[in-house]
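Colleague: The structure is given below, and queries will be raised subsequently.
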Amino acid sequence: MAKYQIAVIPGDGIGPEVVNGTRQVLDAIAVRFGHEFAYTELLAGGIAIDATGEPLPAATVAAAKKSDAVLLGAVGGPQWDTLPGDKRPERALLGLRSELGLYANLRPAVLYPALAAACPLHPETAAAGIDVMIVRELTGGMYFGDRGRREGPNGPEAYDTEAYSIMEVERIARVGFEQAMLRGKRLTSVDKANVLESSRLWRETVIRISQEYPEVTLDHLYVDNATMQLIKRPSDFDVIVTTNMFGDILSDEAAMITGSIGMLASASLGKPGTPGMYEPVHGSAPDIAGQDKANPLATILSAAMLLRISLGLGTEADAVEAAVAKVLADGYRTGDIVQNVGSSSTEKRVGTREMTRLVVEAVANA
């Protein structure tokens, strides 16, 4: 029996609900395939602020580093919005990425056939299918650059600095090319090289790294054009590689055209041997926390990525993804998907707990 150590950070809002449901799915995988998953529950985000005064306690970082992988719910909520920037719950995410060296964020955006009606795009566009992998640089750029407030020519002003080193661009570009090699061998690099000097360095470096991957077709889009083309012709995209800020925006856009942000998983990765961190793309949704309304599927699909990438359990990951596809094909929907699709006699609305139970059942009975 293989034993794996998983650090679990439930976080805030709906985080504990979707993470606890995902643990049930992982437990079903453990039973079916003969593994043992040992969970260590850790504090981060708003709940950590309330308990320790810090969004990311040192004990959380230390325990996460000792794990095989980290499963994260979501952090944040309005009760912490008035705190200084370095004390807000979201600093826990930036801190974890920095401390664990997680520089590459993989965000697959897939439109399940059963959710085609949930796609807000033209039916013919949706019928062509959506299967895009967004590779987002995660520890550089404006989110980690120099920032502050100062007296400017027009009075007090604030500034945030976008900066990228050649090394940072090289390593994320290689992740993008490697993902393309595993898929359709097409890579789109998104930047703003017509305006930003950091983007000009980005494009130059990506072009140079492309010489290492002659089988991959590379093209470039400015970020404003990319946002339009992702709506107009999503089926034309295979892998997108882009900066921290642009990736943050584009991946949320991709989430909505695939039916619901409650469906999108993500993986944050660093050097080989570093524990990856897996989390849903959605936020903490405090307005529905504790009401059995949250969609657990993004977190469950994140756990599938955890199984495949960090633990090397590809068959087990396939089983989780197949279970999610079956439950959706059987017509079960959480409220976020029903809202997008509209009412239908063939769809059955369920809450967080029931959706989790259905996926667990599908895993166990496959």
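Every chain in the structure tokens takes a letter, A first, then B, and so on in the order presented; its residues are numbered from 1, and the ligands are numbered from 1 following the presented order.
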Mind running stretch 244-324 of chain A against stretch 6-13 of chain A at 12 Å and telling me each contacting residue's nearest atom pair with the distance in Å (one decimal), counting only C-alpha atoms, chain and number ascending, as CSV?
Modeller:
residue,atom,partner,partner_atom,distance
A:Pro275,CA,A:Ile6,CA,9.3
A:Gly276,CA,A:Ile6,CA,10.2
A:Met277,CA,A:Ala7,CA,9.1
A:Tyr278,CA,A:Val8,CA,9.8
A:Glu279,CA,A:Ile9,CA,9.6
A:Pro280,CA,A:Pro10,CA,11.6
A:His282,CA,A:Gly13,CA,11.3
A:Gly283,CA,A:Gly13,CA,8.4
A:Ser284,CA,A:Gly13,CA,4.6
A:Ala285,CA,A:Gly13,CA,5.8
A:Pro286,CA,A:Gly13,CA,4.5
A:Asp287,CA,A:Gly13,CA,7.9
A:Ile288,CA,A:Gly13,CA,7.8
A:Ala289,CA,A:Gly13,CA,5.0
A:Gly290,CA,A:Gly13,CA,7.7
A:Gln291,CA,A:Gly13,CA,10.4
A:Asp292,CA,A:Gly13,CA,11.6
A:Lys293,CA,A:Gly13,CA,11.6
A:Ala294,CA,A:Gly13,CA,9.9
A:Thr299,CA,A:Pro10,CA,10.8
A:Ala303,CA,A:Ile6,CA,10.5
A:Leu306,CA,A:Ile6,CA,9.6
A:Leu307,CA,A:Ile6,CA,10.5
A:Ser310,CA,A:Ile6,CA,10.2
A:Leu311,CA,A:Ile6,CA,10.0
Colleague: Output N, CA and C atoms of each residue in that selection to a file, as a tab-separated table (two decimals), in the first residue's frame.
Modeller:
chain	number	residue	atom	x	y	z
A	275	PRO	N	6.71	20.11	-3.64
A	275	PRO	CA	5.27	19.81	-3.59
A	275	PRO	C	4.47	20.82	-4.38
A	276	GLY	N	3.62	20.34	-5.27
A	276	GLY	CA	2.74	21.23	-6.02
A	276	GLY	C	1.54	21.62	-5.18
A	277	MET	N	0.91	22.72	-5.55
A	277	MET	CA	-0.29	23.18	-4.85
A	277	MET	C	-1.46	23.18	-5.82
A	278	TYR	N	-2.58	22.62	-5.39
A	278	TYR	CA	-3.73	22.39	-6.25
A	278	TYR	C	-4.95	23.08	-5.65
A	279	GLU	N	-5.64	23.86	-6.48
A	279	GLU	CA	-6.76	24.66	-5.97
A	279	GLU	C	-7.73	24.98	-7.09
A	280	PRO	N	-9.00	25.21	-6.75
A	280	PRO	CA	-9.96	25.66	-7.76
A	280	PRO	C	-9.65	27.09	-8.16
A	282	HIS	N	-11.93	29.37	-8.68
A	282	HIS	CA	-12.89	30.28	-8.06
A	282	HIS	C	-12.40	30.78	-6.70
A	283	GLY	N	-13.09	31.79	-6.19
A	283	GLY	CA	-12.74	32.37	-4.91
A	283	GLY	C	-13.51	31.75	-3.76
A	284	SER	N	-13.53	32.47	-2.63
A	284	SER	CA	-14.11	31.92	-1.42
A	284	SER	C	-15.63	32.05	-1.35
A	285	ALA	N	-16.23	32.85	-2.22
A	285	ALA	CA	-17.69	33.00	-2.31
A	285	ALA	C	-18.37	33.05	-0.94
A	286	PRO	N	-18.03	34.02	-0.10
A	286	PRO	CA	-18.59	34.06	1.26
A	286	PRO	C	-20.11	34.20	1.29
A	287	ASP	N	-20.69	34.71	0.21
A	287	ASP	CA	-22.15	34.90	0.19
A	287	ASP	C	-22.92	33.59	0.20
A	288	ILE	N	-22.28	32.48	-0.18
A	288	ILE	CA	-22.98	31.19	-0.17
A	288	ILE	C	-22.33	30.19	0.78
A	289	ALA	N	-21.35	30.64	1.54
A	289	ALA	CA	-20.63	29.74	2.45
A	289	ALA	C	-21.58	29.11	3.46
A	290	GLY	N	-21.43	27.81	3.69
A	290	GLY	CA	-22.23	27.09	4.68
A	290	GLY	C	-23.65	26.81	4.28
A	291	GLN	N	-24.00	27.05	3.01
A	291	GLN	CA	-25.38	26.89	2.56
A	291	GLN	C	-25.58	25.68	1.65
A	292	ASP	N	-24.56	24.84	1.49
A	292	ASP	CA	-24.65	23.65	0.65
A	292	ASP	C	-24.95	24.03	-0.81
A	293	LYS	N	-24.38	25.17	-1.25
A	293	LYS	CA	-24.62	25.63	-2.62
A	293	LYS	C	-23.38	25.59	-3.50
A	294	ALA	N	-22.21	25.45	-2.91
A	294	ALA	CA	-20.97	25.55	-3.67
A	294	ALA	C	-20.78	24.36	-4.60
A	299	THR	N	-12.59	21.78	-7.31
A	299	THR	CA	-11.64	21.28	-6.33
A	299	THR	C	-11.39	19.79	-6.54
A	303	ALA	N	-7.89	17.93	-7.50
A	303	ALA	CA	-7.32	16.74	-6.87
A	303	ALA	C	-6.91	15.70	-7.92
A	306	LEU	N	-3.63	16.74	-8.93
A	306	LEU	CA	-2.70	16.37	-7.85
A	306	LEU	C	-2.27	14.92	-7.98
A	307	LEU	N	-3.25	14.05	-8.20
A	307	LEU	CA	-2.94	12.63	-8.35
A	307	LEU	C	-2.00	12.39	-9.53
A	310	SER	N	1.65	15.31	-9.12
A	310	SER	CA	2.52	15.22	-7.94
A	310	SER	C	2.72	13.80	-7.46
A	311	LEU	N	1.69	12.95	-7.57
A	311	LEU	CA	1.80	11.59	-7.06
A	311	LEU	C	2.07	10.56	-8.14
Colleague: Would you kindly return, as a ChimeraX atom specification, each protein, DNA or RNA residue with an atom no farther than 9 Å from any atom of A:Ala329, considering only C-alpha atoms and excluding same-chain residues fewer than 2 positions away?
Modeller: /A:112-115,324-327,331-332
Colleague: Determine, using only C-alpha atoms, which residues of stretch 71-174 of chain A have any atom at most 12 Å from an atom of stretch 208-226 of chain A, and tabulate each with its shortest atom pair and distance in Å to one decimal place, rows ordered by chain and then rising number, as JSON lines.
Modeller:
{"residue": "A:Ile166", "atom": "CA", "partner": "A:Ile209", "partner_atom": "CA", "distance": 10.8}
{"residue": "A:Met167", "atom": "CA", "partner": "A:Ile209", "partner_atom": "CA", "distance": 11.2}
{"residue": "A:Val169", "atom": "CA", "partner": "A:Ile209", "partner_atom": "CA", "distance": 9.4}
{"residue": "A:Glu170", "atom": "CA", "partner": "A:Ile209", "partner_atom": "CA", "distance": 6.8}
{"residue": "A:Arg171", "atom": "CA", "partner": "A:Ile209", "partner_atom": "CA", "distance": 9.3}
{"residue": "A:Ile172", "atom": "CA", "partner": "A:Ile209", "partner_atom": "CA", "distance": 10.2}
{"residue": "A:Ala173", "atom": "CA", "partner": "A:Ile209", "partner_atom": "CA", "distance": 7.0}
{"residue": "A:Arg174", "atom": "CA", "partner": "A:Ile209", "partner_atom": "CA", "distance": 7.1}
Colleague: Closest to A:Val320 among A:Thr22, A:Ser266, A:Gln5, A:Ser67, using only C-alpha atoms?
Modeller: A:Thr22
Colleague: List the spatial neighbours of A:Thr258 as a tab-separated table (two decimals) with N, CA and C atoms, in the first residue's frame - criterion: any atom at most 6 Å away, only C-alpha atoms, same-chain residues fewer than 3 positions off excluded.
Modeller:
chain	number	residue	atom	x	y	z
A	111	LEU	N	-14.60	22.45	-21.90
A	111	LEU	CA	-16.06	22.47	-21.95
A	111	LEU	C	-16.55	21.03	-22.07
A	119	CYS	N	-22.34	27.12	-22.01
A	119	CYS	CA	-21.38	28.01	-22.64
A	119	CYS	C	-22.10	29.25	-23.14
A	255	ALA	N	-12.65	30.41	-17.86
A	255	ALA	CA	-13.56	29.72	-16.95
A	255	ALA	C	-15.01	29.96	-17.33
